[in-house]
$ cat run08.txt   # compact mmCIF, C-alpha atoms
# COMPACT_ATOMS: atom_id res chain seq x y z
CA MET A 1 -100.90 80.60 11.91
CA VAL A 2 -102.06 80.06 8.31
CA ALA A 3 -100.24 83.21 7.24
CA ALA A 4 -97.05 81.95 8.90
CA VAL A 5 -97.36 78.56 7.16
CA THR A 6 -98.02 80.23 3.81
CA SER A 7 -95.12 82.61 4.21
CA ALA A 8 -92.78 79.72 5.13
CA THR A 9 -93.97 77.70 2.13
CA VAL A 10 -93.42 80.63 -0.21
CA ALA A 11 -89.95 81.12 1.30
CA ARG A 12 -89.13 77.44 0.71
CA LEU A 13 -90.27 77.76 -2.91
CA ARG A 14 -88.08 80.84 -3.35
CA VAL A 15 -85.06 78.97 -1.94
CA VAL A 16 -85.76 76.05 -4.31
CA LEU A 17 -85.91 78.50 -7.23
CA VAL A 18 -82.58 80.03 -6.20
CA LEU A 19 -81.02 76.56 -6.05
CA LEU A 20 -82.45 75.61 -9.46
CA ALA A 21 -81.15 78.86 -10.96
CA GLY A 22 -77.79 78.06 -9.35
CA VAL A 23 -77.50 74.62 -10.96
CA VAL A 24 -78.53 75.97 -14.37
CA LEU A 25 -75.92 78.74 -14.11
CA GLN A 26 -73.31 76.29 -12.85
CA THR A 27 -73.79 73.87 -15.74
CA THR A 28 -73.86 76.61 -18.37
CA PHE A 29 -72.16 79.87 -17.46
CA GLY A 30 -70.06 78.43 -14.61
CA ALA A 31 -68.11 76.18 -16.96
CA ASP A 32 -67.17 79.22 -19.09
CA LEU A 33 -65.83 81.19 -16.13
CA ARG A 34 -62.72 79.08 -15.79
CA VAL A 35 -59.63 80.75 -14.40
CA LEU A 36 -56.49 78.67 -15.00
CA GLY A 37 -58.84 75.84 -15.94
CA VAL A 38 -60.85 75.99 -12.69
CA ALA A 39 -64.57 76.81 -12.67
CA PRO A 40 -66.40 78.36 -9.70
CA ASP A 41 -68.67 76.06 -7.67
CA LEU A 42 -71.95 77.92 -7.30
CA MET A 43 -73.68 75.07 -5.50
CA LEU A 44 -71.06 75.06 -2.75
CA LEU A 45 -71.44 78.84 -2.61
CA LEU A 46 -75.21 78.45 -2.10
CA ALA A 47 -74.63 75.89 0.66
CA VAL A 48 -72.39 78.43 2.43
CA ALA A 49 -74.97 81.18 1.84
CA GLY A 50 -77.67 78.88 3.25
CA GLY A 51 -75.70 78.38 6.46
CA LEU A 52 -74.96 82.09 6.75
CA SER A 53 -78.57 83.12 6.23
CA CYS A 54 -80.57 80.38 7.94
CA GLY A 55 -78.44 78.75 10.65
CA PRO A 56 -77.36 75.11 11.09
CA GLU A 57 -80.54 73.04 10.51
CA ALA A 58 -81.91 74.94 7.51
CA GLY A 59 -78.32 75.45 6.28
CA ALA A 60 -77.81 71.69 6.29
CA VAL A 61 -81.05 71.16 4.33
CA ILE A 62 -80.14 73.86 1.79
CA GLY A 63 -76.62 72.39 1.50
CA PHE A 64 -78.09 68.92 0.97
CA CYS A 65 -80.44 70.16 -1.77
CA ALA A 66 -77.64 72.13 -3.45
CA GLY A 67 -75.43 69.04 -3.39
CA LEU A 68 -78.21 66.79 -4.64
CA LEU A 69 -78.74 69.05 -7.67
CA ALA A 70 -74.98 68.95 -8.32
CA ASP A 71 -75.08 65.14 -8.04
CA LEU A 72 -77.98 64.94 -10.50
CA SER A 73 -76.16 67.06 -13.06
CA LEU A 74 -73.01 64.90 -12.95
CA THR A 75 -72.44 61.35 -14.13
CA THR A 76 -68.99 60.29 -13.00
CA THR A 77 -69.35 60.64 -9.24
CA PRO A 78 -71.61 58.57 -6.98
CA MET A 79 -75.04 60.01 -6.24
CA GLY A 80 -75.12 61.56 -2.77
CA LEU A 81 -71.43 62.50 -2.57
CA PHE A 82 -71.96 66.22 -3.11
CA ALA A 83 -75.23 66.12 -1.13
CA LEU A 84 -73.47 64.74 1.94
CA SER A 85 -70.47 67.06 1.62
CA TRP A 86 -72.40 70.29 1.04
CA CYS A 87 -74.92 69.30 3.75
CA LEU A 88 -72.03 69.24 6.25
CA VAL A 89 -70.75 72.58 4.93
CA GLY A 90 -74.19 74.20 5.33
CA PHE A 91 -74.52 72.85 8.85
CA VAL A 92 -71.04 73.90 10.03
CA VAL A 93 -71.32 77.40 8.53
CA GLY A 94 -74.80 77.79 10.08
CA TRP A 95 -73.54 76.57 13.45
CA ALA A 96 -70.59 78.97 13.34
CA ARG A 97 -72.90 81.79 12.28
CA THR A 98 -75.29 81.12 15.15
CA ASN A 99 -72.61 80.68 17.82
CA PHE A 100 -69.66 82.94 17.23
CA LEU A 101 -69.47 84.59 13.82
CA PRO A 102 -70.25 88.29 13.99
CA GLU A 103 -73.17 89.46 11.88
CA GLY A 104 -72.62 91.71 8.89
CA ARG A 105 -71.30 91.60 5.39
CA PRO A 106 -67.58 92.21 6.03
CA VAL A 107 -67.17 88.71 7.46
CA GLU A 108 -68.98 86.93 4.60
CA PRO A 109 -66.12 86.86 2.05
CA LEU A 110 -63.81 85.37 4.67
CA VAL A 111 -66.45 82.77 5.57
CA GLY A 112 -66.92 82.02 1.84
CA PHE A 113 -63.16 81.51 1.43
CA VAL A 114 -62.60 79.34 4.50
CA ALA A 115 -65.82 77.32 4.11
CA THR A 116 -64.96 76.53 0.47
CA LEU A 117 -61.50 75.27 1.43
CA GLY A 118 -63.09 73.18 4.20
CA GLY A 119 -65.88 71.99 1.89
CA ILE A 120 -63.43 70.74 -0.72
CA GLY A 121 -61.49 68.95 2.02
CA VAL A 122 -64.73 67.29 3.19
CA TYR A 123 -65.61 66.35 -0.41
CA LEU A 124 -62.21 64.72 -0.98
CA ALA A 125 -62.36 62.85 2.35
CA VAL A 126 -65.95 61.62 1.82
CA GLY A 127 -65.13 60.80 -1.81
CA ASP A 128 -62.15 58.69 -0.73
CA LEU A 129 -64.34 56.84 1.79
CA ALA A 130 -66.99 56.30 -0.92
CA GLY A 131 -64.43 54.64 -3.19
CA GLN A 132 -63.65 57.70 -5.33
CA SER A 133 -59.92 57.58 -4.62
CA SER A 134 -59.33 58.33 -8.32
CA ILE A 135 -60.09 61.99 -7.50
CA LEU A 136 -56.91 62.06 -5.42
CA THR A 137 -54.88 60.93 -8.45
CA MET A 138 -55.45 64.44 -9.83
CA GLY A 139 -52.44 65.36 -7.71
CA PRO A 140 -51.84 67.91 -4.94
CA HIS A 141 -50.99 70.76 -7.35
CA TRP A 142 -54.31 70.53 -9.20
CA LEU A 143 -56.34 69.99 -6.02
CA LEU A 144 -54.68 72.97 -4.33
CA ARG A 145 -55.26 75.12 -7.41
CA VAL A 146 -58.94 74.08 -7.50
CA ALA A 147 -59.35 74.78 -3.77
CA LEU A 148 -57.74 78.21 -3.89
CA ILE A 149 -59.47 79.44 -7.06
CA GLU A 150 -62.89 78.12 -5.98
CA ALA A 151 -62.37 79.72 -2.57
CA GLY A 152 -61.41 83.00 -4.29
CA TRP A 153 -64.56 82.91 -6.44
CA ASN A 154 -66.74 82.13 -3.44
CA ALA A 155 -65.14 84.90 -1.37
CA LEU A 156 -65.93 87.29 -4.22
CA LEU A 157 -69.51 86.07 -4.59
CA ALA A 158 -70.31 85.43 -0.90
CA VAL A 159 -71.92 88.85 -0.24
CA PRO A 160 -74.38 88.77 -3.18
CA ALA A 161 -75.11 85.06 -2.61
CA ALA A 162 -75.83 85.55 1.11
CA TRP A 163 -77.98 88.61 0.31
CA LEU A 164 -79.95 86.60 -2.27
CA MET A 165 -80.41 83.68 0.11
CA ARG A 166 -81.54 86.02 2.95
CA ARG A 167 -84.14 87.57 0.61
CA ALA A 168 -85.30 84.16 -0.59
CA ALA A 169 -85.46 82.65 2.91
CA ARG A 170 -87.35 85.58 4.45
CA GLY A 171 -90.37 83.94 6.07
CA LEU A 172 -88.51 80.80 7.16
CA ARG A 173 -88.52 80.64 10.95
CA SER A 174 -84.77 79.96 11.23
CA ALA A 175 -83.82 82.80 8.88
CA ASP A 176 -86.14 85.26 10.63
CA ARG A 177 -84.81 84.24 14.06
CA LEU A 178 -81.22 84.80 12.88
CA GLY A 179 -82.22 88.17 11.42
CA ARG A 180 -83.86 89.25 14.69
CA THR A 181 -80.80 88.22 16.70
CA ASP A 182 -78.62 90.27 14.36
CA ALA A 183 -80.94 93.27 14.71
CA LEU A 184 -80.81 93.00 18.53
CA ALA A 185 -77.04 92.61 18.54
CA SER A 186 -76.58 95.69 16.37
CA GLY A 187 -78.91 97.62 18.63
CA MET B 1 -77.00 63.10 6.19
CA LEU B 2 -78.87 59.81 6.40
CA VAL B 3 -80.52 60.49 3.05
CA SER B 4 -77.12 61.26 1.50
CA LEU B 5 -75.63 58.06 2.89
CA THR B 6 -78.64 56.10 1.62
CA LEU B 7 -78.15 57.59 -1.85
CA LEU B 8 -74.45 56.67 -1.80
CA ALA B 9 -75.34 53.11 -0.76
CA LEU B 10 -78.05 52.89 -3.43
CA ASP B 11 -75.64 54.06 -6.12
CA ALA B 12 -73.14 51.43 -5.03
CA SER B 13 -75.72 48.61 -5.29
CA GLY B 14 -76.78 47.15 -8.64
CA HIS B 15 -80.54 47.86 -8.42
CA GLY B 16 -80.05 51.32 -6.97
CA ARG B 17 -77.64 52.30 -9.73
CA SER B 18 -80.30 51.92 -12.43
CA ALA B 19 -82.70 54.09 -10.39
CA VAL B 20 -79.96 56.70 -9.91
CA ARG B 21 -79.17 56.64 -13.62
CA ALA B 22 -82.87 57.08 -14.44
CA ALA B 23 -83.07 60.07 -12.07
CA ARG B 24 -79.97 61.64 -13.61
CA ASP B 25 -81.25 61.03 -17.14
CA ALA B 26 -84.60 62.63 -16.29
CA PHE B 27 -82.89 65.63 -14.70
CA THR B 28 -80.56 66.08 -17.69
CA THR B 29 -83.48 65.72 -20.13
CA VAL B 30 -85.34 68.55 -18.39
CA LEU B 31 -82.24 70.69 -18.05
CA ALA B 32 -80.78 70.21 -21.55
CA PRO B 33 -82.95 72.67 -23.53
CA VAL B 34 -82.51 75.36 -20.86
CA GLN B 35 -78.77 74.71 -20.79
CA THR B 36 -78.42 75.02 -24.55
CA GLY B 37 -80.20 78.38 -24.67
CA ILE B 38 -78.49 79.93 -21.67
CA HIS B 39 -75.09 78.60 -22.66
CA ALA B 40 -75.34 80.11 -26.14
CA ALA B 41 -76.44 83.46 -24.70
CA LEU B 42 -73.85 83.73 -21.92
CA ARG B 43 -70.82 82.06 -23.50
CA PRO B 44 -69.39 85.30 -24.96
CA VAL B 45 -69.49 86.90 -21.48
CA GLY B 46 -67.71 83.91 -19.97
CA ASN B 47 -65.12 83.86 -22.76
CA PHE B 48 -64.49 87.58 -22.24
CA ILE B 49 -63.89 87.16 -18.50
CA THR B 50 -61.74 84.06 -18.94
CA GLY B 51 -59.81 85.73 -21.76
CA ALA B 52 -59.17 88.82 -19.63
CA VAL B 53 -57.91 86.75 -16.69
CA ASP B 54 -55.82 84.40 -18.83
CA TYR B 55 -54.61 87.11 -21.26
CA GLY B 56 -50.93 86.18 -21.00
CA GLN B 57 -51.70 82.53 -21.60
CA VAL B 58 -53.90 83.35 -24.62
CA GLU B 59 -51.15 85.52 -26.12
CA ALA B 60 -48.55 82.78 -25.64
CA GLN B 61 -50.93 80.25 -27.16
CA ASN B 62 -51.46 82.56 -30.15
CA ARG B 63 -47.69 82.81 -30.72
CA HIS B 64 -47.37 79.04 -30.39
CA LEU B 65 -50.21 78.43 -32.89
CA ARG B 66 -48.66 80.81 -35.44
CA ALA B 67 -45.38 78.94 -35.21
CA GLU B 68 -47.23 75.65 -35.52
CA ILE B 69 -49.09 76.82 -38.66
CA ALA B 70 -45.79 77.81 -40.26
CA GLY B 71 -44.40 74.37 -39.47
CA LEU B 72 -47.50 72.66 -40.82
CA ARG B 73 -47.23 74.56 -44.12
CA ASN B 74 -43.71 73.25 -44.51
CA THR B 75 -44.73 69.68 -43.88
CA ALA B 76 -47.92 69.83 -45.96
CA ALA B 77 -46.13 68.76 -49.10
CA ALA B 78 -44.80 65.64 -47.43
CA ALA B 79 -48.19 64.83 -45.93
CA GLY B 80 -49.60 63.37 -49.15
CA PHE B 81 -46.98 60.66 -49.27
CA ALA B 82 -47.29 59.96 -45.56
CA ARG B 83 -51.07 59.72 -45.92
CA GLN B 84 -50.71 57.25 -48.76
CA GLN B 85 -48.42 55.12 -46.61
CA ALA B 86 -50.74 55.37 -43.61
CA ASP B 87 -53.74 54.38 -45.73
CA GLU B 88 -51.89 51.35 -46.94
CA VAL B 89 -50.91 50.27 -43.44
CA LEU B 90 -54.36 50.86 -42.04
CA GLY B 91 -55.96 49.13 -44.99
CA LEU B 92 -53.76 46.10 -44.46
CA GLN B 93 -54.56 45.82 -40.79
CA HIS B 94 -58.28 46.59 -41.25
CA LEU B 95 -58.26 48.86 -38.21
CA PRO B 96 -61.80 49.44 -37.01
CA PHE B 97 -61.03 53.12 -36.34
CA VAL B 98 -60.97 53.78 -40.06
CA ASP B 99 -62.70 50.69 -41.30
CA GLY B 100 -66.36 51.49 -41.51
CA ILE B 101 -67.64 51.62 -37.96
CA PRO B 102 -70.93 53.50 -38.16
CA LYS B 103 -70.69 56.81 -36.36
CA VAL B 104 -72.83 59.73 -35.35
CA THR B 105 -71.41 63.23 -35.52
CA ALA B 106 -72.45 65.36 -32.54
CA GLN B 107 -71.90 68.94 -31.48
CA VAL B 108 -70.60 69.76 -28.02
CA ILE B 109 -73.31 71.89 -26.41
CA ASP B 110 -71.96 72.12 -22.89
CA ILE B 111 -68.73 71.68 -20.97
CA GLY B 112 -69.06 70.09 -17.54
CA GLY B 113 -68.91 72.61 -14.70
CA SER B 114 -67.21 70.37 -12.14
CA ASN B 115 -63.51 70.68 -11.36
CA PHE B 116 -63.29 67.06 -10.27
CA SER B 117 -64.54 65.47 -13.47
CA SER B 118 -64.02 66.10 -17.18
CA THR B 119 -67.20 65.73 -19.19
CA VAL B 120 -68.99 67.38 -22.10
CA THR B 121 -72.60 67.17 -23.23
CA VAL B 122 -73.33 66.56 -26.91
CA ASP B 123 -76.50 67.06 -28.91
CA ARG B 124 -77.10 63.44 -29.96
CA GLY B 125 -78.77 60.87 -27.76
CA ARG B 126 -80.79 57.70 -27.66
CA ASP B 127 -82.80 58.72 -30.72
CA ALA B 128 -79.59 58.67 -32.80
CA GLY B 129 -78.61 55.20 -31.57
CA VAL B 130 -76.23 56.37 -28.86
CA VAL B 131 -75.88 54.12 -25.80
CA VAL B 132 -73.70 54.21 -22.69
CA GLY B 133 -70.16 52.91 -23.20
CA GLN B 134 -69.70 53.82 -26.87
CA PRO B 135 -66.29 55.26 -27.78
CA VAL B 136 -66.08 58.91 -28.79
CA VAL B 137 -63.41 60.23 -31.16
CA ALA B 138 -62.50 63.67 -32.42
CA ALA B 139 -60.00 65.05 -34.89
CA GLY B 140 -56.75 63.45 -33.79
CA GLY B 141 -57.94 60.42 -31.88
CA LEU B 142 -59.81 59.17 -28.86
CA ALA B 143 -61.82 61.77 -26.93
CA GLY B 144 -63.63 59.61 -24.35
CA SER B 145 -66.70 57.46 -23.99
CA VAL B 146 -70.42 57.94 -23.48
CA SER B 147 -71.32 57.82 -19.79
CA ALA B 148 -74.99 58.89 -19.83
CA VAL B 149 -77.68 59.21 -22.48
CA THR B 150 -81.01 60.95 -22.68
CA ALA B 151 -83.40 61.00 -25.62
CA HIS B 152 -81.62 63.87 -27.39
CA THR B 153 -78.30 64.39 -25.58
CA ALA B 154 -75.39 62.36 -24.25
CA THR B 155 -72.73 62.99 -21.64
CA VAL B 156 -69.21 62.09 -22.70
CA THR B 157 -66.60 61.34 -20.06
CA LEU B 158 -63.36 62.68 -21.51
CA LEU B 159 -60.13 60.72 -21.45
CA THR B 160 -58.62 63.17 -18.95
CA ASP B 161 -61.27 62.31 -16.32
CA PRO B 162 -59.81 60.52 -13.27
CA SER B 163 -62.28 57.65 -13.72
CA PHE B 164 -61.31 57.05 -17.38
CA VAL B 165 -59.13 54.06 -18.27
CA VAL B 166 -58.30 52.69 -21.73
CA GLY B 167 -56.13 49.77 -22.80
CA VAL B 168 -53.18 50.73 -25.03
CA ALA B 169 -50.88 48.66 -27.20
CA LEU B 170 -47.18 48.95 -26.33
CA PRO B 171 -44.04 47.87 -28.16
CA GLU B 172 -42.58 44.38 -27.75
CA HIS B 173 -46.09 42.82 -27.59
CA ASN B 174 -46.89 44.54 -24.31
CA THR B 175 -50.12 46.14 -23.29
CA GLY B 176 -50.89 48.78 -20.73
CA SER B 177 -53.68 50.90 -19.38
CA ALA B 178 -53.77 54.66 -19.75
CA ALA B 179 -55.68 56.48 -17.01
CA GLY B 180 -56.84 60.08 -16.88
CA ARG B 181 -55.67 62.23 -14.00
CA GLY B 182 -58.03 65.17 -14.31
CA GLY B 183 -57.48 68.82 -15.15
CA SER B 184 -54.68 69.47 -17.59
CA SER B 185 -52.49 66.63 -16.29
CA PRO B 186 -51.24 64.05 -18.80
CA MET B 187 -52.59 60.50 -18.65
CA GLN B 188 -50.49 57.90 -16.91
CA VAL B 189 -49.73 54.55 -18.53
CA THR B 190 -49.36 51.45 -16.39
CA VAL B 191 -47.61 48.57 -18.16
CA LEU B 192 -49.37 45.27 -17.53
CA PRO B 193 -46.81 42.71 -16.35
CA THR B 194 -46.27 39.86 -18.82
CA SER B 195 -43.48 37.48 -19.73
CA ALA B 196 -42.58 39.74 -22.67
CA ALA B 197 -39.58 42.05 -22.47
CA ALA B 198 -40.29 45.48 -20.94
CA PRO B 199 -41.46 47.89 -23.65
CA LYS B 200 -39.00 50.44 -24.94
CA LEU B 201 -40.94 53.65 -25.27
CA HIS B 202 -39.65 56.95 -26.56
CA ARG B 203 -40.76 60.51 -26.08
CA GLY B 204 -43.05 61.59 -28.93
CA GLU B 205 -44.29 58.07 -29.69
CA VAL B 206 -48.04 57.78 -30.32
CA LEU B 207 -49.94 55.04 -28.48
CA PHE B 208 -53.09 53.39 -29.84
CA THR B 209 -55.96 51.52 -28.19
CA SER B 210 -55.17 47.81 -27.83
CA GLY B 211 -58.68 46.53 -28.57
CA LEU B 212 -58.16 43.36 -26.55
CA SER B 213 -61.21 41.18 -25.89
CA MET B 214 -63.57 42.70 -23.31
CA GLU B 215 -62.03 46.11 -23.98
CA ASP B 216 -64.43 49.02 -24.26
CA PHE B 217 -62.68 50.44 -27.34
CA PRO B 218 -61.85 49.06 -30.78
CA ALA B 219 -58.19 48.63 -31.66
CA GLY B 220 -56.15 51.24 -33.44
CA ILE B 221 -57.58 54.52 -32.17
CA PRO B 222 -54.75 57.00 -31.47
CA VAL B 223 -54.85 57.93 -27.77
CA GLY B 224 -51.90 60.19 -27.01
CA ARG B 225 -48.26 61.04 -27.43
CA VAL B 226 -45.64 59.95 -24.90
CA THR B 227 -44.25 63.00 -23.10
CA SER B 228 -41.99 61.34 -20.57
CA VAL B 229 -40.67 57.90 -19.75
CA SER B 230 -38.84 57.04 -16.56
CA THR B 231 -38.12 53.86 -14.67
CA PRO B 232 -38.10 54.33 -10.90
CA THR B 233 -35.19 52.78 -9.03
CA GLY B 234 -35.85 49.15 -8.24
CA GLU B 235 -38.73 48.86 -10.72
CA THR B 236 -38.73 47.05 -14.03
CA GLU B 237 -41.75 48.67 -15.64
CA PRO B 238 -41.46 52.27 -16.84
CA VAL B 239 -43.68 55.13 -15.70
CA VAL B 240 -45.08 56.77 -18.83
CA ASP B 241 -46.88 60.09 -19.18
CA LEU B 242 -49.18 60.41 -22.18
CA ARG B 243 -50.51 63.70 -23.54
CA PRO B 244 -53.90 63.13 -25.28
CA LEU B 245 -53.86 63.94 -29.01
CA VAL B 246 -57.31 65.48 -28.67
CA ASP B 247 -57.49 68.79 -26.82
CA PRO B 248 -60.40 68.23 -24.41
CA ALA B 249 -60.80 71.96 -23.82
CA GLY B 250 -61.23 72.76 -27.51
CA LEU B 251 -63.82 70.17 -28.54
CA GLY B 252 -66.49 71.47 -30.92
CA TYR B 253 -67.66 68.34 -32.74
CA VAL B 254 -67.09 64.68 -31.97
CA ASP B 255 -67.88 61.35 -33.60
CA ILE B 256 -69.65 58.76 -31.48
CA LEU B 257 -68.76 55.27 -32.69
CA LEU B 258 -71.84 53.06 -32.71
CA TRP B 259 -69.73 50.15 -31.52
CA SER B 260 -69.85 47.84 -28.56
CA PRO B 261 -67.45 45.12 -27.39
CA GLN B 262 -68.22 41.73 -28.99

$ encode --input "run08.txt" --output "structure tokens"
Amino acid sequence: MVAAVTSATVARLRVVLVLLAGVVLQTTFGADLRVLGVAPDLMLLLAVAGGLSCGPEAGAVIGFCAGLLADLSLTTTPMGLFALSWCLVGFVVGWARTNFLPEGRPVEPLVGFVATLGGIGVYLAVGDLAGQSSILTMGPHWLLRVALIEAGWNALLAVPAAWLMRRAARGLRSADRLGRTDALASG
Amino acid sequence: MLVSLTLLALDASGHGRSAVRAARDAFTTVLAPVQTGIHAALRPVGNFITGAVDYGQVEAQNRHLRAEIAGLRNTAAAAGFARQQADEVLGLQHLPFVDGIPKVTAQVIDIGGSNFSSTVTVDRGRDAGVVVGQPVVAAGGLAGSVSAVTAHTATVTLLTDPSFVVGVALPEHNTGSAAGRGGSSPMQVTVLPTSAAAPKLHRGEVLFTSGLSMEDFPAGIPVGRVTSVSTPTGETEPVVDLRPLVDPAGLGYVDILLWSPQ
């Protein structure tokens, strides 16, 4: 029992470290990786990876923490906007992963792509509800460009991100349960 | 989800906003030294990747810059006279932009990583007298305003950010507001309705801050150049696109004006 608690605590600490490394990379290196003026969103990527590796509940918590760190590092958007949006992304990806997504790496880039498009849609909708309608004044061309390039980045980085999150979350009950189910399914 | 909604509600309320600002300041204070080091170390890698992906664009930009340099050499001789005239005009009007507002020069140490906001972090903060709301200028004109401050750094919201609005002076005694639209989009000017005749604006015209009372910026700071003017059918006020004179993507150093509205 004590060993299980310790292992879960260590896993949580590892996940927190991954998220902290993510926000540092996002606010430094991420801004330099702009393609056509669009930077990757590593915190959204980690929310997707959280859902893929740990299922809906833990995915939602990881998504919330990833979003909260993004909120803390920004000044022009209301606090909680990214936390709420990425929390939903983590939950939905985790739910899909638990219920119908096949296990294995080939599906992860596709999940990264689709979940990023969906996540940006959620962010814009929640932002509009939270009074951030000015984001929509950026125009459909820019928003579409952001969505597609971010989704492309996240599709590219989904496999390493999910691998990293699986390694970090090893010891969390939800991640271990998902891993065992995968092992059983693959025989 | 409940925690997120609570945070959103807190940020929207007056008391909560100061707590949120304090949390953000603390986070940025802790992160700033790490950011500076990592950014300096990894920037060449990022520039290499971005340069490789945007190679065609970089080449075109290079050609454009060469042509521009040639043009500038030709006009350099005339610049002295123009400068003399400009100095006279500015001196007569005592424009605060050039008339002795104390300023702090700061280096841009980080470019914001979000695609939905346009910000930069600079290496001067509260200890240099910087406070939230102060105007920020760069070579050419207005760059933005300070939106967050820590002890040694400040976050500048650039004029292209969708939340950024600045009052501009328009011809025929009109005023308007220029708002950022994010990304590389030009700003959009909305003419404030008055009894004065509608302003006649022309492509290429430079607009300056109006500096009206309660404005967040002193008068006379160049904001941008008009790139298009059109009047939609049935409307009396024109729709004006304004390209900022400062290139937000190429900021290296900025001046923070230690100025606040009277």

$ closest_residue --input "run08.txt" --among "A:Phe100, A:Phe91, A:Trp86, A:Tyr123" --to "Cys54 of chain A" --atoms "all atoms listed in the file"
A:Phe91

$ interface_residues --input "run08.txt" --of "chain A" --to "chain B" --cutoff "8 Å" --atoms "all atoms listed in the file" --output "PyMOL selection string"
chain A and resi 24+26-39+41+64+72-76+78-81+83-84+87-88+130+134-135+137-139+142+146

$ write_last_selection --input "run08.txt" --atoms "C-alpha atoms" --output "mmCIF file, keeping the file's coordinate frame"
data_model
loop_
_atom_site.group_PDB
_atom_site.id
_atom_site.type_symbol
_atom_site.label_atom_id
_atom_site.label_comp_id
_atom_site.auth_asym_id
_atom_site.auth_seq_id
_atom_site.Cartn_x
_atom_site.Cartn_y
_atom_site.Cartn_z
ATOM 1 C CA VAL A 24 -78.530 75.970 -14.370
ATOM 2 C CA GLN A 26 -73.310 76.290 -12.850
ATOM 3 C CA THR A 27 -73.790 73.870 -15.740
ATOM 4 C CA THR A 28 -73.860 76.610 -18.370
ATOM 5 C CA PHE A 29 -72.160 79.870 -17.460
ATOM 6 C CA GLY A 30 -70.060 78.430 -14.610
ATOM 7 C CA ALA A 31 -68.110 76.180 -16.960
ATOM 8 C CA ASP A 32 -67.170 79.220 -19.090
ATOM 9 C CA LEU A 33 -65.830 81.190 -16.130
ATOM 10 C CA ARG A 34 -62.720 79.080 -15.790
ATOM 11 C CA VAL A 35 -59.630 80.750 -14.400
ATOM 12 C CA LEU A 36 -56.490 78.670 -15.000
ATOM 13 C CA GLY A 37 -58.840 75.840 -15.940
ATOM 14 C CA VAL A 38 -60.850 75.990 -12.690
ATOM 15 C CA ALA A 39 -64.570 76.810 -12.670
ATOM 16 C CA ASP A 41 -68.670 76.060 -7.670
ATOM 17 C CA PHE A 64 -78.090 68.920 0.970
ATOM 18 C CA LEU A 72 -77.980 64.940 -10.500
ATOM 19 C CA SER A 73 -76.160 67.060 -13.060
ATOM 20 C CA LEU A 74 -73.010 64.900 -12.950
ATOM 21 C CA THR A 75 -72.440 61.350 -14.130
ATOM 22 C CA THR A 76 -68.990 60.290 -13.000
ATOM 23 C CA PRO A 78 -71.610 58.570 -6.980
ATOM 24 C CA MET A 79 -75.040 60.010 -6.240
ATOM 25 C CA GLY A 80 -75.120 61.560 -2.770
ATOM 26 C CA LEU A 81 -71.430 62.500 -2.570
ATOM 27 C CA ALA A 83 -75.230 66.120 -1.130
ATOM 28 C CA LEU A 84 -73.470 64.740 1.940
ATOM 29 C CA CYS A 87 -74.920 69.300 3.750
ATOM 30 C CA LEU A 88 -72.030 69.240 6.250
ATOM 31 C CA ALA A 130 -66.990 56.300 -0.920
ATOM 32 C CA SER A 134 -59.330 58.330 -8.320
ATOM 33 C CA ILE A 135 -60.090 61.990 -7.500
ATOM 34 C CA THR A 137 -54.880 60.930 -8.450
ATOM 35 C CA MET A 138 -55.450 64.440 -9.830
ATOM 36 C CA GLY A 139 -52.440 65.360 -7.710
ATOM 37 C CA TRP A 142 -54.310 70.530 -9.200
ATOM 38 C CA VAL A 146 -58.940 74.080 -7.500
#

$ atom_distance --input "run08.txt" --atom1 "atom CA of Gly152 of chain A" --atom2 "atom CA of Val108 of chain B"
28.7 Å

$ residues_around --input "run08.txt" --residues "Ala49 of chain A" --least-positions-apart "6" --cutoff "9 Å" --atoms "all atoms listed in the file" --output "list in words"
Gly59, Ile62, Gly63, Gly90, Val93, Gly94, Glu108, Gly112, Ala158, Val159, Ala161, Ala162, Trp163, Leu164, Met165 and Arg166 of chain A

$ write_last_selection --input "run08.txt" --atoms "C-alpha atoms" --output "CSV table (one decimal), in the frame of the given file"
chain,number,residue,atom,x,y,z
A,59,GLY,CA,-78.3,75.4,6.3
A,62,ILE,CA,-80.1,73.9,1.8
A,63,GLY,CA,-76.6,72.4,1.5
A,90,GLY,CA,-74.2,74.2,5.3
A,93,VAL,CA,-71.3,77.4,8.5
A,94,GLY,CA,-74.8,77.8,10.1
A,108,GLU,CA,-69.0,86.9,4.6
A,112,GLY,CA,-66.9,82.0,1.8
A,158,ALA,CA,-70.3,85.4,-0.9
A,159,VAL,CA,-71.9,88.8,-0.2
A,161,ALA,CA,-75.1,85.1,-2.6
A,162,ALA,CA,-75.8,85.6,1.1
A,163,TRP,CA,-78.0,88.6,0.3
A,164,LEU,CA,-80.0,86.6,-2.3
A,165,MET,CA,-80.4,83.7,0.1
A,166,ARG,CA,-81.5,86.0,3.0

$ axis_aligned_box --input "run08.txt" --around "segment 199-214 of chain B" --padding-each-side "4 Å" --output "JSON"
{"center_x": -51.3, "center_y": 51.4, "center_z": -26.8, "size_x": 32.6, "size_y": 28.4, "size_z": 15.0}

$ closest_residue --input "run08.txt" --among "A:Ile120, A:Val15, A:Val48, A:Leu101" --to "Ala60 of chain A" --atoms "all atoms listed in the file"
A:Val48

$ residues_around --input "run08.txt" --residues "Val114 of chain A" --least-positions-apart "3" --cutoff "12 Å" --atoms "all atoms listed in the file" --output "PyMOL selection string"
chain A and resi 44-45+48+89+92-93+96+107-111+117-121+147-155+158

$ residues_around --input "run08.txt" --residues "Gly129 of chain B" --least-positions-apart "5" --cutoff "12 Å" --atoms "only C-alpha atoms" --output "PyMOL selection string"
chain B and resi 102-106+124+134+146+149-154+256-260
